[in-house]
Every structure is written in C-alpha cells, then in structure tokens.
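Q: Here it is: the structure, laid out below.
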Amino acid sequence: MGVQAHRATRSIKAADVERRWFVVDADDVVLGRLATRAASILRGKHRPIFTPHVDTGEYVIVINAEKVKLTGRKREQKTYYRHSGFPGGIRSITAGKLLESAHADRVVHGAIRGMLPKNSLGRKMLAKLKVYAGPDHPHAAQKPEELRIV
C-alpha cells in the first residue's frame, strides 16, 4: 500500500473571482423558474469554484420584469404585504396590480431575494441583481451575455 499525497481542498478567495454579466429577458418566463436560475447564478453555484462562504456569483440583469408569467390564479390571489410601522398600517396588493404599477420589478426582485441566504453574504449577492420593468437597461458597457431560461 503506497502513501497518497495529501491534497487540500481549494478554497477560493473573493479577490480571485472574475465576474461576468448576464441579461435575462423575463418576457413570458415563469416567475419561479426565473428566480431559481437567477439566484443560482448570483450565488455562484453554476461554477466549479463555488465556495459556500465566499460570494463567487455573477451579475444578473433582468429586463421586462412586468411581463413575467404567473401560473394558475396567482395574478389575482398572490398578495404582497407591507407595514408602515404604525398601528393599523398594514397594506396589501395583489401580484397583478403590482405588475401593472410603476413598481413591477418588485415581484421579480422579491422572488429572487427569497432564494438567497439571509445574512450579510446574501445581501452582497443581492447587490449584484439589477431588475428593470421595461426592455432597456443601462449596463451595455459591461457587455452582458444573454441567458436563456426555458
């Protein structure tokens, strides 16, 4: 029996990560499928250098968030709540009304946010997410690659 050489598990450092930019068109894409794929890329789980305690993810730009697809009756029944902090200050809005409002990007942003870690590392990952309701985004200089979600 020979002696095997010891191989340490390589742990990547944040400074060693080279980040790319991806653009996702949410037009007629199911919200959950979009959110899981985007969260996975933000986290860096698609890369062989994935390290759980290091932000190894990429930047994700989501365009056409107002045209995202909700299955079943979620457009009428899914409700988002917020609270002002004052007694009786709870407000609610359905997903359909939110998608038709000026804040349509909040539906996609919230879905992706819920799939990231709930700690300081998750907040760093969320900062790399850019969501826009319409088809335009100001990140053309970063030369984002198109990411297809089926």
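Each chain in the structure tokens gets a letter, A, B, ..., in the order shown, and its residues are numbered from 1; ligands are numbered from 1 in order too.
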What lies within 8 Å of A:Ala14 using only C-alpha atoms, ignoring chain neighbours under 2 positions off, as a ChimeraX atom specification?
A: /A:12,16-17,54-56
Q: Which residues come within 9 Å of A:Ile49, counting only C-alpha atoms, excluding same-chain residues fewer than 2 positions away, as a list in words?
A: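 Once the adjacent positions are removed, what remains is Arg10, Ser11, Ile12, Val17, Gly44, Lys45, His46, Arg47, Thr51 and Thr56 of chain A.
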Q: Kindly give the distance, in Å, that separates atom CA of A:Gly89 and atom CA of A:Lys74, rounded to a single decimal.
A: 24.3 Å
Q: List the spatial neighbours of A:Ala38 as number ranges by chain - criterion: any atom at most 8 Å away, only C-alpha atoms, same-chain residues fewer than 3 positions off excluded.
A: A: 34-35, 41-42, 60, 112
Q: Show which residues sit within 12 Å of A:Ala102, as an MDAnalysis selection string. Count only C-alpha atoms, and ignore same-chain residues fewer than 2 positions away.
A: chainID A and resid 65:66 97:100 104:107 132:134
Q: Which residue, A:Leu121, A:Leu147, A:Met115, A:Ala5, has the smallest gap to A:Val62 when you use only C-alpha atoms?
A: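 Among A:Leu121, A:Leu147, A:Met115, A:Ala5, it is A:Leu147 that comes nearest to A:Val62.
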Q: Residues near A:Val30, anyone? I mean within 7 Å using only C-alpha atoms, not counting same-chain ones fewer than 3 positions away, as a PDB file with N, CA and C atoms, in the first residue's frame.
A:
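So part34.pdb came out as:
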ATOM      1  N   ARG A  33     -39.210  29.754 -12.083  1.00  0.00           N
ATOM      2  CA  ARG A  33     -38.087  29.233 -12.872  1.00  0.00           C
ATOM      3  C   ARG A  33     -37.029  30.316 -13.068  1.00  0.00           C
ATOM      4  N   LEU A  34     -37.490  31.522 -13.327  1.00  0.00           N
ATOM      5  CA  LEU A  34     -36.582  32.655 -13.478  1.00  0.00           C
ATOM      6  C   LEU A  34     -35.826  32.913 -12.175  1.00  0.00           C
ATOM      7  N   VAL A  68     -43.476  39.099 -16.747  1.00  0.00           N
ATOM      8  CA  VAL A  68     -43.206  37.774 -16.203  1.00  0.00           C
ATOM      9  C   VAL A  68     -44.509  36.990 -16.092  1.00  0.00           C
ATOM     10  N   LYS A  69     -44.418  35.671 -16.235  1.00  0.00           N
ATOM     11  CA  LYS A  69     -45.615  34.826 -16.247  1.00  0.00           C
ATOM     12  C   LYS A  69     -45.866  34.251 -14.850  1.00  0.00           C
ATOM     13  N   LEU A  70     -47.114  34.342 -14.402  1.00  0.00           N
ATOM     14  CA  LEU A  70     -47.534  33.717 -13.150  1.00  0.00           C
ATOM     15  C   LEU A  70     -48.544  32.631 -13.500  1.00  0.00           C
TER      16      LEU A  70
END
Q: Would you mind telling me which residue in A:Lys128, A:His137, A:Arg148, A:Arg73 lies nearest to A:Arg20 when using only C-alpha atoms?
A: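 Smallest distance to A:Arg20 is found for A:Lys128.
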Q: Of the candidates A:Ala8, A:Val24, A:Ile63, A:Ala39, which one gets nearest to A:Asp136 if we count only C-alpha atoms?
A: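 That would be A:Ile63, the residue with the smallest distance to A:Asp136.
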Q: If DSSP is run on the backbone, what residues of chain A are helix (DSSP H, G or I)? A reply as a PyMOL selection string would be ideal.
A: chain A and resi 14-16+31-43+65-67+74-77+95-100+105-113+120-126+140-142
Q: The selected residues should be written to file as an mmCIF file, in the first residue's frame (atoms: C-alpha atoms).
A:
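Result written to selection09.cif:
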data_model
loop_
_atom_site.group_PDB
_atom_site.id
_atom_site.type_symbol
_atom_site.label_atom_id
_atom_site.label_comp_id
_atom_site.auth_asym_id
_atom_site.auth_seq_id
_atom_site.Cartn_x
_atom_site.Cartn_y
_atom_site.Cartn_z
ATOM 1 C CA ALA A 14 -13.214 36.803 -3.030
ATOM 2 C CA ALA A 15 -10.395 38.674 -4.817
ATOM 3 C CA ASP A 16 -9.786 35.675 -7.148
ATOM 4 C CA LEU A 31 -41.512 33.592 -12.169
ATOM 5 C CA GLY A 32 -40.266 30.643 -10.082
ATOM 6 C CA ARG A 33 -38.087 29.233 -12.872
ATOM 7 C CA LEU A 34 -36.582 32.655 -13.478
ATOM 8 C CA ALA A 35 -35.953 33.234 -9.767
ATOM 9 C CA THR A 36 -34.273 29.868 -9.108
ATOM 10 C CA ARG A 37 -31.921 30.212 -12.089
ATOM 11 C CA ALA A 38 -31.049 33.833 -11.267
ATOM 12 C CA ALA A 39 -30.467 33.033 -7.564
ATOM 13 C CA SER A 40 -28.199 30.137 -8.501
ATOM 14 C CA ILE A 41 -26.098 32.386 -10.755
ATOM 15 C CA LEU A 42 -25.973 35.199 -8.166
ATOM 16 C CA ARG A 43 -24.765 32.655 -5.620
ATOM 17 C CA ALA A 65 -39.999 42.140 -15.382
ATOM 18 C CA GLU A 66 -43.523 43.468 -15.931
ATOM 19 C CA LYS A 67 -44.154 40.682 -18.483
ATOM 20 C CA LYS A 74 -51.516 33.770 -8.714
ATOM 21 C CA ARG A 75 -52.031 37.027 -10.601
ATOM 22 C CA GLU A 76 -55.314 37.563 -8.694
ATOM 23 C CA GLN A 77 -54.646 35.596 -5.488
ATOM 24 C CA ALA A 95 -49.377 40.407 -7.821
ATOM 25 C CA GLY A 96 -51.409 41.515 -10.856
ATOM 26 C CA LYS A 97 -51.836 45.071 -9.593
ATOM 27 C CA LEU A 98 -48.157 45.245 -8.596
ATOM 28 C CA LEU A 99 -47.074 44.097 -12.074
ATOM 29 C CA GLU A 100 -49.271 46.782 -13.656
ATOM 30 C CA ASP A 105 -39.761 44.982 -10.769
ATOM 31 C CA ARG A 106 -40.538 44.276 -7.082
ATOM 32 C CA VAL A 107 -42.247 40.965 -7.908
ATOM 33 C CA VAL A 108 -39.120 39.521 -9.557
ATOM 34 C CA HIS A 109 -36.747 41.154 -7.062
ATOM 35 C CA GLY A 110 -38.665 39.733 -4.101
ATOM 36 C CA ALA A 111 -38.814 36.218 -5.574
ATOM 37 C CA ILE A 112 -35.049 36.131 -6.166
ATOM 38 C CA ARG A 113 -34.315 37.738 -2.786
ATOM 39 C CA SER A 120 -24.538 39.624 5.025
ATOM 40 C CA LEU A 121 -23.300 37.358 2.227
ATOM 41 C CA GLY A 122 -26.823 37.178 0.778
ATOM 42 C CA ARG A 123 -27.057 40.974 0.825
ATOM 43 C CA LYS A 124 -23.797 41.216 -1.149
ATOM 44 C CA MET A 125 -25.213 38.768 -3.688
ATOM 45 C CA LEU A 126 -28.473 40.730 -3.950
ATOM 46 C CA ALA A 140 -24.480 47.803 -22.066
ATOM 47 C CA ALA A 141 -20.866 48.805 -21.313
ATOM 48 C CA GLN A 142 -20.426 45.598 -19.256
#
